[in-house]
Amino acid sequence: MDAGLILDTLERASERCADPAPLIYRRLFELRPEFESLFVMDTDGGVRGSMLTTCFNAILGLVEESDTQRVIISSSRFAHDGYGVAQRDFDLMFVAIRDTFRDLLGAEWTPETDAAWTHLLAAIAAID
Ligand code: HEM
C-alpha cells in the first residue's frame with residue numbers, strides 16, 4: 001500500500017474542497033440511484049456525515065495497517081446487509097470517494113495515484 005500517495009490525495013483534495021461530502025454522495029447516487037432513498041430519514045445529513053467520517057477513518061486505518069479499522073469495515077459490511085446494502089455494494093462508497101478525489105485533483109491525479117487507490121480499494125474489498 002502506498003500510504004504516501006493516499007495521504008497526499010486526502011491533503012490535496014481537502015485544499016480544494018473543505019467539505020467533499022455533497023460531492024461524494026452525489027457520485028454515490030450517480031453510481032447507484034436507488035441508494036438515495038435509503039437516506040430520506042437523514043434530513044440533517046447527520047448519518048451521511050458520520051458514515052463518511054467512518055469511511056475516512058477506515059482509509060486512514062488501512063494505510064496505517066490498523067487491525068481495528070479492518071474489524072470496523074468487516075462489521076459495517078455485515079451491518080449494512082440489514083440496511084438493504086448488499087455486501088458487494090458496500091464498497092461503492094469507497095469507489096465514490098476515489099472518483100470524487102480524482103475529479104478534485106484533475107491533472108494532479110497521476111497514474112501512480114490511480115494505482116495506489118486501485119490497490120487500496122482492492123484491499124478493502126478483500127475484507128469480508
Ligand atoms: C454504498 C454503500 C453504502 C450505503 C448505501 C450505506 C447506507 C447507509 C444507511 C442507509 C445508513 C443509515 C442506516 C439507519 O440508520 O437505518 C448507514 C449508516 C451508517 N453507515 Fe453506511 N452505507 C454504505 C457504506 C458504508 C461504509 C463503506 C461505511 C464505513 C466503513 C459505512 C458506515 C456507516 C455508519 C458508521 C453508519 C451509522 C451512522 C450513524 O447513524 O451515525 N457505510 N449507511
# chains A, B, ... in the order shown; residues from 1 in each chain; ligands from 1
$ closest_atom_pairs --of "chain A" --to "ligand 1" --cutoff "10 Å" --atoms "only C-alpha atoms and all ligand atoms" --output "Markdown table"
| residue | atom | partner | partner_atom_place_in_ligand_line | distance |
| --- | --- | --- | --- | --- |
| A:Tyr25 | CA | ligand 1 | 1 (C) | 9.4 |
| A:Leu28 | CA | ligand 1 | 1 (C) | 6.8 |
| A:Phe29 | CA | ligand 1 | 1 (C) | 8.7 |
| A:Leu31 | CA | ligand 1 | 1 (C) | 9.0 |
| A:Arg32 | CA | ligand 1 | 1 (C) | 7.8 |
| A:Pro33 | CA | ligand 1 | 5 (C) | 9.8 |
| A:Glu34 | CA | ligand 1 | 5 (C) | 8.7 |
| A:Phe35 | CA | ligand 1 | 5 (C) | 5.2 |
| A:Glu36 | CA | ligand 1 | 5 (C) | 7.7 |
| A:Ser37 | CA | ligand 1 | 10 (C) | 8.2 |
| A:Leu38 | CA | ligand 1 | 10 (C) | 4.5 |
| A:Phe39 | CA | ligand 1 | 10 (C) | 5.2 |
| A:Val40 | CA | ligand 1 | 10 (C) | 8.5 |
| A:Met41 | CA | ligand 1 | 16 (O) | 8.2 |
| A:Asp42 | CA | ligand 1 | 12 (C) | 7.7 |
| A:Gly45 | CA | ligand 1 | 41 (O) | 9.8 |
| A:Gly46 | CA | ligand 1 | 41 (O) | 6.7 |
| A:Val47 | CA | ligand 1 | 39 (C) | 4.4 |
| A:Arg48 | CA | ligand 1 | 38 (C) | 6.7 |
| A:Gly49 | CA | ligand 1 | 38 (C) | 7.7 |
| A:Ser50 | CA | ligand 1 | 41 (O) | 4.9 |
| A:Met51 | CA | ligand 1 | 33 (C) | 3.9 |
| A:Leu52 | CA | ligand 1 | 32 (C) | 6.8 |
| A:Thr53 | CA | ligand 1 | 35 (C) | 7.8 |
| A:Thr54 | CA | ligand 1 | 29 (C) | 5.0 |
| A:Cys55 | CA | ligand 1 | 29 (C) | 4.3 |
| A:Phe56 | CA | ligand 1 | 29 (C) | 8.1 |
| A:Asn57 | CA | ligand 1 | 30 (C) | 8.2 |
| A:Ala58 | CA | ligand 1 | 30 (C) | 6.1 |
| A:Ile59 | CA | ligand 1 | 30 (C) | 8.7 |
| A:Gln69 | CA | ligand 1 | 30 (C) | 8.5 |
| A:Arg70 | CA | ligand 1 | 30 (C) | 9.2 |
| A:Val71 | CA | ligand 1 | 30 (C) | 9.7 |
| A:Ile72 | CA | ligand 1 | 30 (C) | 6.7 |
| A:Ile73 | CA | ligand 1 | 30 (C) | 4.7 |
| A:Ser74 | CA | ligand 1 | 30 (C) | 8.0 |
| A:Ser75 | CA | ligand 1 | 30 (C) | 8.5 |
| A:Ser76 | CA | ligand 1 | 30 (C) | 5.7 |
| A:Arg77 | CA | ligand 1 | 26 (C) | 7.0 |
| A:Ala79 | CA | ligand 1 | 20 (N) | 8.5 |
| A:His80 | CA | ligand 1 | 22 (N) | 6.4 |
| A:Asp81 | CA | ligand 1 | 6 (C) | 9.4 |
| A:Gly82 | CA | ligand 1 | 16 (O) | 8.4 |
| A:Tyr83 | CA | ligand 1 | 13 (C) | 5.6 |
| A:Gly84 | CA | ligand 1 | 10 (C) | 7.6 |
| A:Val85 | CA | ligand 1 | 5 (C) | 5.6 |
| A:Ala86 | CA | ligand 1 | 1 (C) | 8.5 |
| A:Gln87 | CA | ligand 1 | 2 (C) | 8.8 |
| A:Arg88 | CA | ligand 1 | 1 (C) | 8.9 |
| A:Asp89 | CA | ligand 1 | 1 (C) | 5.4 |
| A:Phe90 | CA | ligand 1 | 2 (C) | 4.0 |
| A:Asp91 | CA | ligand 1 | 27 (C) | 5.7 |
| A:Leu92 | CA | ligand 1 | 1 (C) | 4.7 |
| A:Met93 | CA | ligand 1 | 2 (C) | 4.5 |
| A:Phe94 | CA | ligand 1 | 27 (C) | 6.2 |
| A:Val95 | CA | ligand 1 | 1 (C) | 8.9 |
| A:Ala96 | CA | ligand 1 | 1 (C) | 8.5 |
| A:Ile97 | CA | ligand 1 | 27 (C) | 9.8 |
| A:Ile124 | CA | ligand 1 | 27 (C) | 9.1 |
$ residues_around --residues "segment 108-111 of chain A" --least-positions-apart "2" --cutoff "12 Å" --atoms "only C-alpha atoms" --output "CSV table (one decimal) with C-alpha atoms, in the first residue's frame"
chain,number,residue,atom,x,y,z
A,5,LEU,CA,0.2,8.8,-2.2
A,6,ILE,CA,-3.2,8.1,-0.4
A,8,ASP,CA,-1.2,13.1,-0.4
A,9,THR,CA,-4.6,12.7,-2.2
A,10,LEU,CA,-6.5,13.4,1.0
A,12,ARG,CA,-4.7,17.9,-1.8
A,13,ALA,CA,-8.5,17.2,-2.0
A,16,ARG,CA,-9.6,22.2,-3.0
A,98,ARG,CA,-12.0,7.7,-5.0
A,99,ASP,CA,-13.9,9.1,-8.0
A,100,THR,CA,-14.6,12.4,-6.2
A,101,PHE,CA,-11.0,12.9,-5.2
A,102,ARG,CA,-9.9,12.0,-8.8
A,103,ASP,CA,-12.2,14.8,-10.1
A,104,LEU,CA,-11.0,17.3,-7.5
A,105,LEU,CA,-7.3,16.6,-8.2
A,106,GLY,CA,-7.7,16.9,-12.0
A,113,THR,CA,-2.0,7.9,-7.5
A,114,ASP,CA,-4.6,5.9,-9.5
A,115,ALA,CA,-2.6,2.6,-8.9
A,116,ALA,CA,-2.4,3.4,-5.1
A,117,TRP,CA,-6.2,3.9,-4.9
A,118,THR,CA,-6.9,0.7,-7.0
$ closest_residue --among "A:Glu64, A:Glu15, A:Glu30, A:Asp44" --to "Ala3 of chain A" --atoms "only C-alpha atoms"
A:Glu64
$ select_by_dssp --residues "segment 48-120 of chain A" --states "alpha helix (DSSP H)" --output "PyMOL selection string"
chain A and resi 48-63+67-81+92-105+111-120
$ decode --residues "segment 75-108 of chain A" --atoms "N, CA, C and O atoms" --output "PDB file, in the first residue's frame"
ATOM      1  N   SER A  75     -17.347  -5.414  10.247  1.00  0.00           N
ATOM      2  CA  SER A  75     -18.630  -5.418  10.956  1.00  0.00           C
ATOM      3  C   SER A  75     -19.619  -4.469  10.293  1.00  0.00           C
ATOM      4  O   SER A  75     -20.814  -4.748  10.242  1.00  0.00           O
ATOM      5  N   SER A  76     -19.120  -3.348   9.711  1.00  0.00           N
ATOM      6  CA  SER A  76     -20.034  -2.438   8.997  1.00  0.00           C
ATOM      7  C   SER A  76     -20.587  -3.127   7.750  1.00  0.00           C
ATOM      8  O   SER A  76     -21.762  -2.976   7.412  1.00  0.00           O
ATOM      9  N   ARG A  77     -19.733  -3.875   7.066  1.00  0.00           N
ATOM     10  CA  ARG A  77     -20.185  -4.590   5.855  1.00  0.00           C
ATOM     11  C   ARG A  77     -21.348  -5.516   6.214  1.00  0.00           C
ATOM     12  O   ARG A  77     -22.367  -5.557   5.531  1.00  0.00           O
ATOM     13  N   PHE A  78     -21.188  -6.200   7.339  1.00  0.00           N
ATOM     14  CA  PHE A  78     -22.221  -7.133   7.799  1.00  0.00           C
ATOM     15  C   PHE A  78     -23.480  -6.360   8.211  1.00  0.00           C
ATOM     16  O   PHE A  78     -24.597  -6.700   7.812  1.00  0.00           O
ATOM     17  N   ALA A  79     -23.287  -5.265   8.994  1.00  0.00           N
ATOM     18  CA  ALA A  79     -24.439  -4.495   9.491  1.00  0.00           C
ATOM     19  C   ALA A  79     -25.249  -3.899   8.332  1.00  0.00           C
ATOM     20  O   ALA A  79     -26.472  -3.796   8.413  1.00  0.00           O
ATOM     21  N   HIS A  80     -24.571  -3.509   7.258  1.00  0.00           N
ATOM     22  CA  HIS A  80     -25.275  -2.863   6.160  1.00  0.00           C
ATOM     23  C   HIS A  80     -26.197  -3.789   5.391  1.00  0.00           C
ATOM     24  O   HIS A  80     -27.096  -3.330   4.708  1.00  0.00           O
ATOM     25  N   ASP A  81     -25.973  -5.077   5.501  1.00  0.00           N
ATOM     26  CA  ASP A  81     -26.931  -6.036   4.948  1.00  0.00           C
ATOM     27  C   ASP A  81     -28.325  -5.724   5.484  1.00  0.00           C
ATOM     28  O   ASP A  81     -29.307  -5.768   4.755  1.00  0.00           O
ATOM     29  N   GLY A  82     -28.375  -5.375   6.776  1.00  0.00           N
ATOM     30  CA  GLY A  82     -29.634  -5.049   7.428  1.00  0.00           C
ATOM     31  C   GLY A  82     -30.233  -3.731   6.968  1.00  0.00           C
ATOM     32  O   GLY A  82     -31.412  -3.472   7.188  1.00  0.00           O
ATOM     33  N   TYR A  83     -29.416  -2.856   6.352  1.00  0.00           N
ATOM     34  CA  TYR A  83     -29.930  -1.581   5.828  1.00  0.00           C
ATOM     35  C   TYR A  83     -30.323  -1.731   4.353  1.00  0.00           C
ATOM     36  O   TYR A  83     -30.617  -0.751   3.690  1.00  0.00           O
ATOM     37  N   GLY A  84     -30.223  -2.938   3.823  1.00  0.00           N
ATOM     38  CA  GLY A  84     -30.557  -3.147   2.417  1.00  0.00           C
ATOM     39  C   GLY A  84     -29.394  -2.898   1.477  1.00  0.00           C
ATOM     40  O   GLY A  84     -29.586  -2.680   0.281  1.00  0.00           O
ATOM     41  N   VAL A  85     -28.163  -2.904   2.016  1.00  0.00           N
ATOM     42  CA  VAL A  85     -26.983  -2.714   1.169  1.00  0.00           C
ATOM     43  C   VAL A  85     -26.268  -4.065   1.074  1.00  0.00           C
ATOM     44  O   VAL A  85     -25.719  -4.550   2.067  1.00  0.00           O
ATOM     45  N   ALA A  86     -26.309  -4.673  -0.095  1.00  0.00           N
ATOM     46  CA  ALA A  86     -25.674  -5.983  -0.279  1.00  0.00           C
ATOM     47  C   ALA A  86     -24.175  -5.851  -0.013  1.00  0.00           C
ATOM     48  O   ALA A  86     -23.588  -4.783  -0.254  1.00  0.00           O
ATOM     49  N   GLN A  87     -23.571  -6.933   0.458  1.00  0.00           N
ATOM     50  CA  GLN A  87     -22.158  -6.859   0.857  1.00  0.00           C
ATOM     51  C   GLN A  87     -21.259  -6.378  -0.279  1.00  0.00           C
ATOM     52  O   GLN A  87     -20.329  -5.604  -0.058  1.00  0.00           O
ATOM     53  N   ARG A  88     -21.530  -6.802  -1.508  1.00  0.00           N
ATOM     54  CA  ARG A  88     -20.646  -6.384  -2.615  1.00  0.00           C
ATOM     55  C   ARG A  88     -20.861  -4.897  -2.961  1.00  0.00           C
ATOM     56  O   ARG A  88     -19.962  -4.257  -3.500  1.00  0.00           O
ATOM     57  N   ASP A  89     -22.064  -4.353  -2.662  1.00  0.00           N
ATOM     58  CA  ASP A  89     -22.355  -2.947  -2.975  1.00  0.00           C
ATOM     59  C   ASP A  89     -21.750  -1.984  -1.958  1.00  0.00           C
ATOM     60  O   ASP A  89     -21.591  -0.793  -2.242  1.00  0.00           O
ATOM     61  N   PHE A  90     -21.448  -2.509  -0.793  1.00  0.00           N
ATOM     62  CA  PHE A  90     -20.885  -1.708   0.292  1.00  0.00           C
ATOM     63  C   PHE A  90     -19.638  -0.946  -0.179  1.00  0.00           C
ATOM     64  O   PHE A  90     -19.437   0.219   0.167  1.00  0.00           O
ATOM     65  N   ASP A  91     -18.825  -1.583  -1.013  1.00  0.00           N
ATOM     66  CA  ASP A  91     -17.560  -0.979  -1.464  1.00  0.00           C
ATOM     67  C   ASP A  91     -17.763   0.216  -2.389  1.00  0.00           C
ATOM     68  O   ASP A  91     -16.823   0.972  -2.638  1.00  0.00           O
ATOM     69  N   LEU A  92     -18.993   0.375  -2.898  1.00  0.00           N
ATOM     70  CA  LEU A  92     -19.236   1.505  -3.814  1.00  0.00           C
ATOM     71  C   LEU A  92     -19.000   2.852  -3.140  1.00  0.00           C
ATOM     72  O   LEU A  92     -18.689   3.840  -3.801  1.00  0.00           O
ATOM     73  N   MET A  93     -19.157   2.880  -1.818  1.00  0.00           N
ATOM     74  CA  MET A  93     -18.897   4.131  -1.089  1.00  0.00           C
ATOM     75  C   MET A  93     -17.430   4.545  -1.272  1.00  0.00           C
ATOM     76  O   MET A  93     -17.123   5.721  -1.476  1.00  0.00           O
ATOM     77  N   PHE A  94     -16.542   3.574  -1.235  1.00  0.00           N
ATOM     78  CA  PHE A  94     -15.119   3.878  -1.399  1.00  0.00           C
ATOM     79  C   PHE A  94     -14.805   4.227  -2.862  1.00  0.00           C
ATOM     80  O   PHE A  94     -13.925   5.038  -3.135  1.00  0.00           O
ATOM     81  N   VAL A  95     -15.552   3.638  -3.775  1.00  0.00           N
ATOM     82  CA  VAL A  95     -15.400   3.996  -5.196  1.00  0.00           C
ATOM     83  C   VAL A  95     -15.826   5.453  -5.391  1.00  0.00           C
ATOM     84  O   VAL A  95     -15.146   6.232  -6.072  1.00  0.00           O
ATOM     85  N   ALA A  96     -16.940   5.835  -4.738  1.00  0.00           N
ATOM     86  CA  ALA A  96     -17.430   7.214  -4.858  1.00  0.00           C
ATOM     87  C   ALA A  96     -16.415   8.205  -4.282  1.00  0.00           C
ATOM     88  O   ALA A  96     -16.196   9.291  -4.833  1.00  0.00           O
ATOM     89  N   ILE A  97     -15.779   7.817  -3.168  1.00  0.00           N
ATOM     90  CA  ILE A  97     -14.748   8.682  -2.568  1.00  0.00           C
ATOM     91  C   ILE A  97     -13.570   8.825  -3.540  1.00  0.00           C
ATOM     92  O   ILE A  97     -13.104   9.929  -3.827  1.00  0.00           O
ATOM     93  N   ARG A  98     -13.105   7.703  -4.077  1.00  0.00           N
ATOM     94  CA  ARG A  98     -11.971   7.738  -5.015  1.00  0.00           C
ATOM     95  C   ARG A  98     -12.306   8.601  -6.254  1.00  0.00           C
ATOM     96  O   ARG A  98     -11.522   9.462  -6.666  1.00  0.00           O
ATOM     97  N   ASP A  99     -13.492   8.393  -6.805  1.00  0.00           N
ATOM     98  CA  ASP A  99     -13.874   9.138  -8.014  1.00  0.00           C
ATOM     99  C   ASP A  99     -13.932  10.638  -7.736  1.00  0.00           C
ATOM    100  O   ASP A  99     -13.514  11.453  -8.562  1.00  0.00           O
ATOM    101  N   THR A 100     -14.465  10.998  -6.563  1.00  0.00           N
ATOM    102  CA  THR A 100     -14.594  12.418  -6.207  1.00  0.00           C
ATOM    103  C   THR A 100     -13.215  13.055  -6.063  1.00  0.00           C
ATOM    104  O   THR A 100     -12.968  14.161  -6.568  1.00  0.00           O
ATOM    105  N   PHE A 101     -12.319  12.350  -5.407  1.00  0.00           N
ATOM    106  CA  PHE A 101     -10.966  12.885  -5.238  1.00  0.00           C
ATOM    107  C   PHE A 101     -10.259  12.983  -6.586  1.00  0.00           C
ATOM    108  O   PHE A 101      -9.528  13.937  -6.847  1.00  0.00           O
ATOM    109  N   ARG A 102     -10.468  12.020  -7.429  1.00  0.00           N
ATOM    110  CA  ARG A 102      -9.857  12.044  -8.775  1.00  0.00           C
ATOM    111  C   ARG A 102     -10.332  13.296  -9.533  1.00  0.00           C
ATOM    112  O   ARG A 102      -9.531  14.006 -10.141  1.00  0.00           O
ATOM    113  N   ASP A 103     -11.620  13.582  -9.429  1.00  0.00           N
ATOM    114  CA  ASP A 103     -12.152  14.772 -10.108  1.00  0.00           C
ATOM    115  C   ASP A 103     -11.594  16.050  -9.492  1.00  0.00           C
ATOM    116  O   ASP A 103     -11.275  16.998 -10.195  1.00  0.00           O
ATOM    117  N   LEU A 104     -11.481  16.068  -8.148  1.00  0.00           N
ATOM    118  CA  LEU A 104     -10.966  17.277  -7.484  1.00  0.00           C
ATOM    119  C   LEU A 104      -9.494  17.516  -7.842  1.00  0.00           C
ATOM    120  O   LEU A 104      -9.071  18.656  -8.007  1.00  0.00           O
ATOM    121  N   LEU A 105      -8.721  16.450  -7.959  1.00  0.00           N
ATOM    122  CA  LEU A 105      -7.290  16.618  -8.243  1.00  0.00           C
ATOM    123  C   LEU A 105      -7.009  16.937  -9.709  1.00  0.00           C
ATOM    124  O   LEU A 105      -5.977  17.529 -10.026  1.00  0.00           O
ATOM    125  N   GLY A 106      -7.910  16.554 -10.582  1.00  0.00           N
ATOM    126  CA  GLY A 106      -7.734  16.874 -12.005  1.00  0.00           C
ATOM    127  C   GLY A 106      -6.410  16.355 -12.534  1.00  0.00           C
ATOM    128  O   GLY A 106      -6.083  15.172 -12.367  1.00  0.00           O
ATOM    129  N   ALA A 107      -5.609  17.263 -13.117  1.00  0.00           N
ATOM    130  CA  ALA A 107      -4.349  16.864 -13.754  1.00  0.00           C
ATOM    131  C   ALA A 107      -3.329  16.334 -12.752  1.00  0.00           C
ATOM    132  O   ALA A 107      -2.364  15.662 -13.129  1.00  0.00           O
ATOM    133  N   GLU A 108      -3.544  16.617 -11.453  1.00  0.00           N
ATOM    134  CA  GLU A 108      -2.594  16.129 -10.441  1.00  0.00           C
ATOM    135  C   GLU A 108      -2.841  14.660 -10.071  1.00  0.00           C
ATOM    136  O   GLU A 108      -2.095  14.091  -9.279  1.00  0.00           O
TER     137      GLU A 108
END
